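**Q** This is the content of coords-v1.txt (compact mmCIF, C-alpha atoms):
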```txt
# COMPACT_ATOMS: atom_id res chain seq x y z
CA MET A 1 0.00 0.00 0.00
CA LEU A 2 2.85 2.36 0.83
CA ARG A 3 4.48 1.71 -2.54
CA VAL A 4 1.20 2.39 -4.34
CA THR A 5 0.69 5.62 -2.39
CA MET A 6 4.22 6.83 -3.10
CA GLY A 7 3.78 6.00 -6.78
CA SER A 8 0.54 7.96 -6.95
CA VAL A 9 2.16 11.02 -5.36
CA GLU A 10 5.05 10.86 -7.81
CA GLN A 11 2.65 10.51 -10.75
CA ARG A 12 0.71 13.57 -9.56
CA ASP A 13 3.98 15.52 -9.37
CA GLU A 14 4.81 14.53 -12.95
CA GLU A 15 1.31 15.45 -14.22
CA GLN A 16 1.39 18.85 -12.52
CA GLU A 17 4.78 19.62 -14.05
CA ASP A 18 3.58 18.63 -17.52
CA GLU A 19 0.96 21.36 -17.20
CA GLY A 20 3.57 23.91 -16.16
CA GLU A 21 2.19 24.05 -12.63
CA GLU A 22 4.80 22.09 -10.69
CA GLU A 23 4.60 24.51 -7.75
CA LEU A 24 0.82 24.37 -7.31
CA ARG A 25 1.57 22.46 -4.14
CA ASP A 26 5.22 23.05 -3.40
CA GLY A 27 6.40 21.35 -0.24
CA GLY A 28 2.81 20.64 0.74
CA VAL A 29 1.89 24.36 0.69
CA PRO A 30 -0.57 25.30 -2.09
CA PHE A 31 -0.46 28.48 -4.13
CA TYR A 32 -2.72 29.96 -6.77
CA VAL A 33 -2.27 31.03 -10.39
CA ASN A 34 -3.96 34.10 -11.85
CA ARG A 35 -5.70 32.66 -14.90
CA GLY A 36 -7.79 35.73 -15.70
CA GLY A 37 -5.01 37.91 -17.11
CA LEU A 38 -4.29 41.51 -16.17
CA PRO A 39 -5.60 43.65 -14.62
CA VAL A 40 -6.38 41.09 -11.91
CA ASP A 41 -10.10 40.47 -11.57
CA GLU A 42 -11.85 41.02 -8.24
CA GLU A 43 -12.31 37.32 -7.46
CA THR A 44 -8.59 36.57 -7.91
CA TRP A 45 -7.66 39.73 -5.97
CA GLU A 46 -9.78 38.79 -2.94
CA ARG A 47 -8.61 35.18 -3.07
CA MET A 48 -5.01 36.39 -2.97
CA TRP A 49 -5.61 38.38 0.23
CA ARG A 50 -7.47 35.47 1.86
CA HIS A 51 -4.51 33.24 1.06
CA VAL A 52 -2.07 35.77 2.51
CA ALA A 53 -4.15 35.83 5.71
CA ARG A 54 -3.80 32.04 5.97
CA ILE A 55 -0.09 31.64 5.24
CA HIS A 56 1.42 34.75 6.88
CA PRO A 57 1.90 34.73 10.69
CA ASN A 58 0.18 38.13 10.94
CA GLY A 59 -1.62 37.77 7.64
CA GLU A 60 -5.07 39.07 8.47
CA ALA A 61 -3.85 42.13 10.38
CA LEU A 62 -1.12 42.77 7.80
CA GLY A 63 -3.58 42.56 4.93
CA LYS A 64 -5.96 45.05 6.53
CA GLU A 65 -3.13 47.44 7.32
CA ILE A 66 -1.88 47.43 3.74
CA ARG A 67 -5.30 47.68 2.10
CA VAL A 68 -6.47 50.70 4.12
CA ALA A 69 -3.15 52.57 3.95
CA SER A 70 -3.18 55.72 1.85
CA ASP A 71 0.54 56.54 1.99
CA LEU A 72 2.20 53.36 0.72
CA PRO A 73 5.65 53.98 -0.78
CA LYS A 74 5.84 54.12 -4.56
CA ILE A 75 7.53 51.03 -5.96
CA PRO A 76 10.17 51.84 -8.60
CA ILE A 77 9.65 50.15 -11.97
CA PRO A 78 12.89 48.54 -13.18
CA SER A 79 14.05 49.28 -16.72
CA VAL A 80 14.62 46.50 -19.23
CA PRO A 81 18.40 46.24 -19.66
CA THR A 82 20.08 47.83 -22.65
CA TYR A 83 23.66 47.22 -23.75
CA GLN A 84 26.59 48.99 -25.30
CA PRO A 85 28.39 47.28 -28.20
CA THR A 86 31.41 46.90 -25.92
CA ASN A 87 29.49 44.97 -23.26
CA THR A 88 30.62 41.34 -23.02
CA ILE A 89 28.21 38.41 -22.81
CA PRO A 90 28.89 37.88 -19.07
CA GLN A 91 28.15 41.59 -18.47
CA ARG A 92 24.89 41.32 -20.41
CA LEU A 93 23.82 38.22 -18.47
CA GLU A 94 24.58 39.98 -15.19
CA ALA A 95 22.44 42.93 -16.33
CA ILE A 96 19.56 40.55 -17.11
CA GLN A 97 19.91 38.89 -13.71
CA LYS A 98 19.93 42.31 -12.03
CA TYR A 99 16.67 43.16 -13.81
CA ILE A 100 15.07 39.87 -12.71
CA ARG A 101 16.14 40.55 -9.11
CA GLU A 102 14.67 44.05 -9.24
CA LEU A 103 11.28 42.61 -10.18
CA GLN A 104 11.54 40.72 -6.87
CA TYR A 105 10.35 37.27 -5.86
CA ASN A 106 6.58 36.86 -5.56
CA HIS A 107 5.74 35.96 -1.94
CA THR A 108 1.98 36.56 -2.20
CA GLY A 109 1.06 32.93 -2.88
CA THR A 110 -0.57 33.93 -6.19
CA GLN A 111 1.40 33.67 -9.43
CA PHE A 112 0.42 36.64 -11.60
CA PHE A 113 1.30 35.21 -15.02
CA GLU A 114 -0.05 31.86 -16.16
CA ILE A 115 2.71 29.80 -17.80
CA LYS A 116 1.61 26.71 -19.70
CA LYS A 117 4.60 24.69 -20.79
CA SER A 118 2.67 23.22 -23.72
CA ARG A 119 2.30 26.64 -25.39
CA PRO A 120 4.42 27.42 -28.46
CA LEU A 121 7.44 29.62 -27.89
CA THR A 122 5.86 32.65 -29.60
CA ALA A 123 2.98 32.65 -27.08
CA LEU A 124 5.38 32.39 -24.13
CA MET A 125 7.34 35.35 -25.50
CA ASP A 126 4.09 37.37 -25.54
CA ILE A 127 3.76 36.62 -21.83
CA ALA A 128 7.37 37.72 -21.27
CA LYS A 129 6.61 41.06 -22.95
CA GLU A 130 3.65 41.39 -20.59
CA MET A 131 5.99 40.84 -17.64
CA THR A 132 8.22 43.72 -18.73
CA ARG A 133 5.21 46.02 -19.11
CA GLU A 134 3.57 45.16 -15.79
CA ALA A 135 6.81 44.81 -13.74
CA LEU A 136 5.16 42.59 -11.12
CA PRO A 137 6.98 40.17 -8.78
CA ILE A 138 7.59 36.78 -10.37
CA LYS A 139 8.30 33.17 -9.46
CA CYS A 140 10.97 30.85 -10.82
CA LEU A 141 9.09 29.53 -13.88
CA GLU A 142 8.16 33.07 -14.96
CA ALA A 143 11.83 34.06 -14.56
CA VAL A 144 12.87 31.30 -16.97
CA ILE A 145 10.47 32.57 -19.65
CA LEU A 146 11.66 36.13 -19.06
CA GLY A 147 15.29 35.02 -19.27
CA ILE A 148 14.65 33.36 -22.63
CA TYR A 149 12.99 36.54 -23.94
CA LEU A 150 15.83 38.80 -22.79
CA THR A 151 18.55 36.57 -24.31
CA ASN A 152 16.89 35.99 -27.69
CA ASN A 153 19.14 38.67 -29.24
CA MET A 154 22.29 36.82 -28.11
CA PRO A 155 22.66 34.15 -30.81
CA GLY A 156 25.86 32.74 -29.34
CA VAL A 157 24.25 32.05 -25.97
CA GLU A 158 22.47 28.70 -25.80
CA ARG A 159 19.64 28.45 -23.26
CA PHE A 160 18.04 25.34 -21.72
CA PRO A 161 15.63 24.65 -18.83
CA LEU A 162 17.20 23.08 -15.73
CA SER A 163 14.80 21.98 -12.99
CA PHE A 164 15.29 20.35 -9.61
CA GLN A 165 13.20 18.23 -7.26
CA SER A 166 14.43 18.20 -3.68
CA GLN A 167 13.06 16.68 -0.49
CA PHE A 168 12.93 17.93 3.07
CA SER A 169 11.06 16.40 5.98
CA GLY A 170 9.04 14.15 3.67
CA ASN A 171 7.86 16.91 1.33
CA ASN A 172 8.91 17.49 -2.27
CA PHE A 173 10.00 20.91 -3.50
CA HIS A 174 10.40 22.00 -7.14
CA HIS A 175 12.55 24.72 -8.62
CA ILE A 176 13.68 25.72 -12.11
CA VAL A 177 16.36 27.99 -13.60
CA LEU A 178 17.48 28.83 -17.11
CA GLY A 179 20.78 27.20 -17.92
CA VAL A 180 23.10 29.14 -20.25
CA HIS A 181 26.07 27.89 -22.26
CA ILE A 182 28.62 29.74 -24.36
CA GLY A 183 32.29 29.31 -25.15
CA GLY A 184 32.60 26.05 -23.24
CA ARG A 185 31.25 27.57 -20.02
CA PHE A 186 27.93 27.00 -18.23
CA GLY A 187 25.92 29.31 -15.97
CA ALA A 188 22.31 30.04 -14.99
CA LEU A 189 19.70 32.80 -14.73
CA GLY A 190 16.64 32.77 -12.47
CA ILE A 191 14.98 33.79 -9.25
CA SER A 192 14.54 32.08 -5.89
CA ARG A 193 13.92 32.76 -2.23
CA ARG A 194 17.55 31.68 -1.74
CA GLU A 195 20.48 33.67 -3.10
CA ASP A 196 22.49 30.61 -4.15
CA LEU A 197 19.64 28.87 -6.00
CA MET A 198 19.32 31.25 -8.96
CA PHE A 199 22.12 33.12 -10.77
CA LYS A 200 25.35 31.31 -11.59
CA PRO A 201 28.08 33.14 -13.53
CA LEU A 202 29.58 31.65 -16.69
CA GLU A 203 32.42 29.87 -14.96
CA PHE A 204 31.47 26.17 -14.91
CA ARG A 205 33.40 24.03 -17.39
CA THR A 206 30.84 21.20 -17.53
CA LEU A 207 27.15 20.63 -16.90
CA MET A 208 28.23 18.32 -14.07
CA ASP A 209 30.03 21.20 -12.36
CA LEU A 210 26.89 23.37 -12.63
CA VAL A 211 24.58 20.66 -11.24
CA GLN A 212 26.96 19.94 -8.37
CA GLU A 213 27.01 23.65 -7.52
CA PHE A 214 23.22 23.61 -7.11
CA GLU A 215 23.32 20.31 -5.21
CA GLY A 216 25.75 21.83 -2.72
CA ALA A 217 23.42 24.80 -2.23
CA TYR A 218 20.52 22.43 -1.51
CA ARG A 219 22.59 20.60 1.09
CA GLY A 220 23.16 23.93 2.82
CA TYR A 221 19.38 24.09 3.44
CA TRP A 222 19.15 20.43 4.56
CA HIS A 223 17.42 19.47 1.33
CA THR A 224 18.23 16.23 -0.50
CA LEU A 225 18.33 16.63 -4.27
CA ARG A 226 16.26 13.79 -5.77
CA LYS A 227 15.83 14.55 -9.46
CA VAL A 228 17.28 16.82 -12.11
CA ARG A 229 15.37 17.45 -15.32
CA ILE A 230 17.21 19.04 -18.23
CA GLY A 231 15.69 20.30 -21.46
CA GLN A 232 17.06 20.97 -24.92
CA TYR A 233 18.40 24.25 -26.29
CA VAL A 234 15.65 26.82 -26.89
CA SER A 235 15.24 28.53 -30.27
CA HIS A 236 16.30 32.18 -30.56
CA ASP A 237 13.37 32.91 -32.90
CA PRO A 238 10.72 34.73 -30.80
CA HIS A 239 8.09 33.84 -33.41
CA SER A 240 8.85 30.11 -33.43
CA VAL A 241 5.81 27.85 -33.08
CA GLU A 242 7.85 24.97 -31.66
CA GLN A 243 7.44 23.99 -28.03
CA ILE A 244 10.21 24.11 -25.46
CA GLU A 245 11.51 20.63 -24.68
CA TRP A 246 11.53 20.85 -20.90
CA LYS A 247 12.63 17.32 -19.99
CA HIS A 248 14.95 15.72 -22.52
CA SER A 249 16.76 13.98 -19.65
CA ILE A 250 15.33 13.01 -16.25
CA LEU A 251 18.03 11.93 -13.80
CA ASP A 252 17.41 10.29 -10.44
CA VAL A 253 20.36 11.89 -8.69
CA ASP A 254 19.93 9.93 -5.46
CA LYS A 255 20.09 6.62 -7.35
CA LEU A 256 23.11 7.35 -9.53
CA THR A 257 26.75 7.17 -8.56
CA LYS A 258 28.83 10.29 -9.19
CA GLU A 259 30.43 8.66 -12.23
CA GLU A 260 27.05 7.56 -13.65
CA LEU A 261 25.68 11.08 -13.18
CA ARG A 262 28.71 12.56 -14.93
CA LYS A 263 28.25 10.23 -17.92
CA GLU A 264 24.54 11.06 -18.17
CA LEU A 265 25.25 14.79 -18.10
CA GLU A 266 27.98 14.41 -20.73
CA ARG A 267 25.53 12.51 -22.90
CA HIS A 268 22.94 15.25 -22.49
CA THR A 269 25.52 17.90 -23.40
CA ARG A 270 26.26 15.99 -26.63
CA ASP A 271 22.53 15.75 -27.37
CA MET A 272 22.17 19.51 -26.96
CA ARG A 273 25.08 20.19 -29.30
CA LEU A 274 23.53 17.92 -31.93
CA LYS A 275 20.44 20.13 -31.96
CA ILE A 276 22.45 23.18 -33.04
CA GLY A 277 22.15 23.66 -36.77
CA LYS A 278 18.98 21.60 -37.18
CA PRO A 279 16.25 23.51 -39.03
CA ALA A 280 13.50 24.80 -36.76
CA PRO A 281 9.81 24.68 -37.71
CA PRO A 282 8.87 27.67 -39.89
CA SER A 283 7.71 30.78 -38.08
CA PRO A 284 4.18 32.07 -38.72
CA THR A 285 3.72 34.64 -41.46
CA LYS A 286 3.69 38.35 -40.71
CA ASP A 287 -0.11 38.43 -40.93
CA ARG A 288 -0.33 35.48 -38.57
CA ARG A 289 2.04 37.14 -36.08
CA ASN A 290 0.01 40.34 -36.13
CA SER A 291 -3.12 38.38 -35.32
CA MET A 292 -1.52 36.64 -32.34
CA GLY A 293 -2.08 38.97 -29.41
CA SER A 294 -1.00 38.43 -25.85
CA PRO A 295 -2.55 35.26 -24.44
CA LEU A 296 -3.30 37.21 -21.26
CA ARG A 297 -5.37 39.91 -22.94
CA GLY A 298 -6.90 38.36 -26.03
CA PRO A 299 -8.79 35.16 -26.81
CA SER A 300 -6.61 32.17 -26.11
CA SER A 301 -5.08 30.51 -29.13
CA PRO A 302 -5.39 26.74 -29.58
CA ILE A 303 -2.89 24.85 -27.49
CA ARG A 304 -0.93 22.31 -29.45
CA ARG A 305 -0.40 19.38 -27.13
CA ILE A 306 2.07 16.61 -27.64
CA SER A 307 1.32 13.13 -26.46
CA ARG A 308 2.90 12.31 -23.15
CA VAL A 309 5.84 10.00 -23.73
CA GLU A 310 6.78 7.27 -21.35
CA ARG A 311 9.29 8.42 -18.75
CA ARG A 312 12.64 6.76 -19.06
CA PRO A 313 14.68 5.75 -16.00
CA SER A 314 18.09 7.29 -15.39
CA GLY A 315 20.78 5.91 -17.64
CA GLU A 316 18.44 5.29 -20.56
CA LYS A 317 18.85 7.52 -23.64
CA LYS A 318 15.77 9.24 -25.00
CA VAL A 319 15.17 8.54 -28.70
CA LEU A 320 13.45 11.11 -30.89
CA GLU A 321 12.34 10.33 -34.44
CA GLN A 322 14.54 7.24 -34.70
CA LYS A 323 17.81 9.16 -34.69
CA SER A 324 21.10 8.01 -33.18
CA ALA A 325 22.43 9.88 -30.94
CA ALA A 326 15.82 14.97 9.29
CA ASP A 327 12.53 16.47 10.64
CA MET A 328 13.36 19.75 12.45
CA ASN A 329 10.34 19.91 14.73
CA GLY A 330 8.01 20.18 11.82
CA TYR A 331 9.55 23.44 10.55
CA GLN A 332 9.52 23.61 6.76
CA ILE A 333 12.51 25.22 5.11
CA ARG A 334 11.11 26.45 1.81
CA VAL A 335 13.59 26.85 -1.01
```
Spell out the structure here as structure tokens.
**A**
Amino acid sequence: MLRVTMGSVEQRDEEQEDEGEEELRDGGVPFYVNRGGLPVDEETWERMWRHVARIHPNGEALGKEIRVASDLPKIPIPSVPTYQPTNTIPQRLEAIQKYIRELQYNHTGTQFFEIKKSRPLTALMDIAKEMTREALPIKCLEAVILGIYLTNNMPGVERFPLSFQSQFSGNNFHHIVLGVHIGGRFGALGISRREDLMFKPLEFRTLMDLVQEFEGAYRGYWHTLRKVRIGQYVSHDPHSVEQIEWKHSILDVDKLTKEELRKELERHTRDMRLKIGKPAPPSPTKDRRNSMGSPLRGPSSPIRRISRVERRPSGEKKVLEQKSAADMNGYQIRV
């Protein structure tokens, strides 16, 4: 019975992540997603404040104090980074990370932008534009989409999703960053509650070095890293209708030896390099692009879903199109 229960929980985790909602119950604590677009409708707005009252130690009193205040400080709106021709790629990535930090992490318990991983890239880029206009606090998945948008004009920088599943006190926690790769060096962009679980400079020689850096950070918060999911390189065409491949490799870190993990990550690095130079699906025509408004403000476009493929265990290579190739008194440390 225990095995069946554990299997059901893991299947639910996988299904939630396929829908782009892997944090809907992160570490056993639920949070909401604003599905009505912006401006936020009254129902979502009131639900957000009710949720704050439940999860914050002084939530109800704090909520009332904020909502009746007439002299709240004006929040500065960060500017989208611009670059000089002399700026290096590391300097540009640091400027992007600074912008993401200035938007701040969303602690309200309500995600303001709905991110569906099954959407084509062009629709996700529309959402990223919306983020820059609204300048609202974001969560880690929103930061990945924003990072892709802000690096689209850097053709030499390859970007890929890198997500983690950790465990603490019996609860599973999910997190995602945007991996970056250029000139034989790896790094990452993103946002987190924890300083060492987001930005990583371009100084890691291998994907293994980058993953181990994150694993060490998790250990610092008494979290055990269970799984790492790594996607393929993302197209630089903001009008591409292809979908992001979020989970090309799924690695059970706690079941692999260090050497096995290194080989799997080397294999994934080779797979990513093989994708470079392959023709991408054609972008929509100019008329089609003009008719595709923001998914948050206009009628939703049809969602092109791919059939869910069978998960492969660690150590097994994914084949596409037949080509070779300890409980601390119940206190939850949220990462």
**Q** Just how far from CA of Phe204 in chain A is CA of Gly183 in chain A, in Å to one decimal?
**A**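 Taking CA of Gly183 in chain A as the start and CA of Phe204 in chain A as the end point, the length is 10.7 Å.
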**Q** Rank nothing, just name the residue among A:Pro90, A:Tyr218, A:Gly190, A:Ile100 nearest to Gly156 in chain A, using only C-alpha atoms.
**A** A:Pro90
**Q** Using only C-alpha atoms for the distances, tell me which of A:Leu265, A:Ile89, A:Leu189, A:Val211 is nearest to Val157 in chain A.
**A**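 Nearest to Val157 in chain A: A:Ile89.
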**Q** Please write as a JSON list (two decimals) with C-alpha atoms, in the coordinates of the input the list of polymer residues whose atoms come within 8 Å of (5.6, 29.2, -28.3), counting only C-alpha atoms and keeping to the coordinates of the file.
**A**
```json
[["chain", "number", "residue", "atom", "x", "y", "z"],
["A", 119, "ARG", "CA", 2.30, 26.64, -25.39],
["A", 120, "PRO", "CA", 4.42, 27.42, -28.46],
["A", 121, "LEU", "CA", 7.44, 29.62, -27.89],
["A", 122, "THR", "CA", 5.86, 32.65, -29.60],
["A", 123, "ALA", "CA", 2.98, 32.65, -27.08],
["A", 124, "LEU", "CA", 5.38, 32.39, -24.13],
["A", 125, "MET", "CA", 7.34, 35.35, -25.50],
["A", 238, "PRO", "CA", 10.72, 34.73, -30.80],
["A", 239, "HIS", "CA", 8.09, 33.84, -33.41],
["A", 240, "SER", "CA", 8.85, 30.11, -33.43],
["A", 241, "VAL", "CA", 5.81, 27.85, -33.08],
["A", 242, "GLU", "CA", 7.85, 24.97, -31.66],
["A", 243, "GLN", "CA", 7.44, 23.99, -28.03],
["A", 244, "ILE", "CA", 10.21, 24.11, -25.46]]
```
**Q** Under the rule that all atoms listed in the file are counted, which of A:Lys247, A:Lys98, A:Lys275, A:His268 is the nearest residue to Lys117 in chain A?
**A** A:Lys247
**Q** Which residue out of A:Phe199, A:Phe164, A:Phe214, A:Phe186 has the minimum interatomic distance to Leu251 in chain A when only C-alpha atoms are used?
**A**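 Closest candidate: A:Phe164.
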**Q** For Glu130 in chain A, work out the shell of residues within 12 Å, counting only C-alpha atoms and skipping chain neighbours fewer than 2 positions away, then give it as a JSON list (two decimals) with C-alpha atoms, keeping the file's coordinate frame.
**A**
```
[["chain", "number", "residue", "atom", "x", "y", "z"],
["A", 37, "GLY", "CA", -5.01, 37.91, -17.11],
["A", 38, "LEU", "CA", -4.29, 41.51, -16.17],
["A", 39, "PRO", "CA", -5.60, 43.65, -14.62],
["A", 112, "PHE", "CA", 0.42, 36.64, -11.60],
["A", 113, "PHE", "CA", 1.30, 35.21, -15.02],
["A", 114, "GLU", "CA", -0.05, 31.86, -16.16],
["A", 115, "ILE", "CA", 2.71, 29.80, -17.80],
["A", 123, "ALA", "CA", 2.98, 32.65, -27.08],
["A", 124, "LEU", "CA", 5.38, 32.39, -24.13],
["A", 125, "MET", "CA", 7.34, 35.35, -25.50],
["A", 126, "ASP", "CA", 4.09, 37.37, -25.54],
["A", 127, "ILE", "CA", 3.76, 36.62, -21.83],
["A", 128, "ALA", "CA", 7.37, 37.72, -21.27],
["A", 132, "THR", "CA", 8.22, 43.72, -18.73],
["A", 133, "ARG", "CA", 5.21, 46.02, -19.11],
["A", 134, "GLU", "CA", 3.57, 45.16, -15.79],
["A", 135, "ALA", "CA", 6.81, 44.81, -13.74],
["A", 136, "LEU", "CA", 5.16, 42.59, -11.12],
["A", 138, "ILE", "CA", 7.59, 36.78, -10.37],
["A", 142, "GLU", "CA", 8.16, 33.07, -14.96],
["A", 145, "ILE", "CA", 10.47, 32.57, -19.65],
["A", 146, "LEU", "CA", 11.66, 36.13, -19.06],
["A", 149, "TYR", "CA", 12.99, 36.54, -23.94],
["A", 293, "GLY", "CA", -2.08, 38.97, -29.41],
["A", 294, "SER", "CA", -1.00, 38.43, -25.85],
["A", 295, "PRO", "CA", -2.55, 35.26, -24.44],
["A", 296, "LEU", "CA", -3.30, 37.21, -21.26],
["A", 297, "ARG", "CA", -5.37, 39.91, -22.94]]
```
**Q** Report, in Å with one decimal, the straight-line distance from CA of Arg229 in chain A to CA of Pro161 in chain A.
**A**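 The value is 8.0 Å.
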**Q** When you draw a straight line from CA of Met154 in chain A to CA of Gln84 in chain A, how long is it in Å?
**A** 13.2 Å
**Q** Counting all atoms listed in the file, what is within 10 Å of Glu213 in chain A, bar same-chain residues fewer than 6 positions away, as a ChimeraX atom specification?
**A** /A:196-197,200,204,207
**Q** Can you write just those residues out, C-alpha atoms, as a PDB file, keeping the file's coordinate frame?
**A**
```pdb
ATOM      1  CA  ASP A 196      22.490  30.610  -4.150  1.00  0.00           C
ATOM      2  CA  LEU A 197      19.640  28.870  -6.000  1.00  0.00           C
ATOM      3  CA  LYS A 200      25.350  31.310 -11.590  1.00  0.00           C
ATOM      4  CA  PHE A 204      31.470  26.170 -14.910  1.00  0.00           C
ATOM      5  CA  LEU A 207      27.150  20.630 -16.900  1.00  0.00           C
TER       6      LEU A 207
END
```
**Q** Mind giving me the axis-aligned box for range 251-270 of chain A with 8 Å on every side, centre plus edges in Å to one decimal, as JSON?
**A**
```
{"center_x": 23.9, "center_y": 12.3, "center_z": -16.0, "size_x": 29.0, "size_y": 27.3, "size_z": 37.2}
```
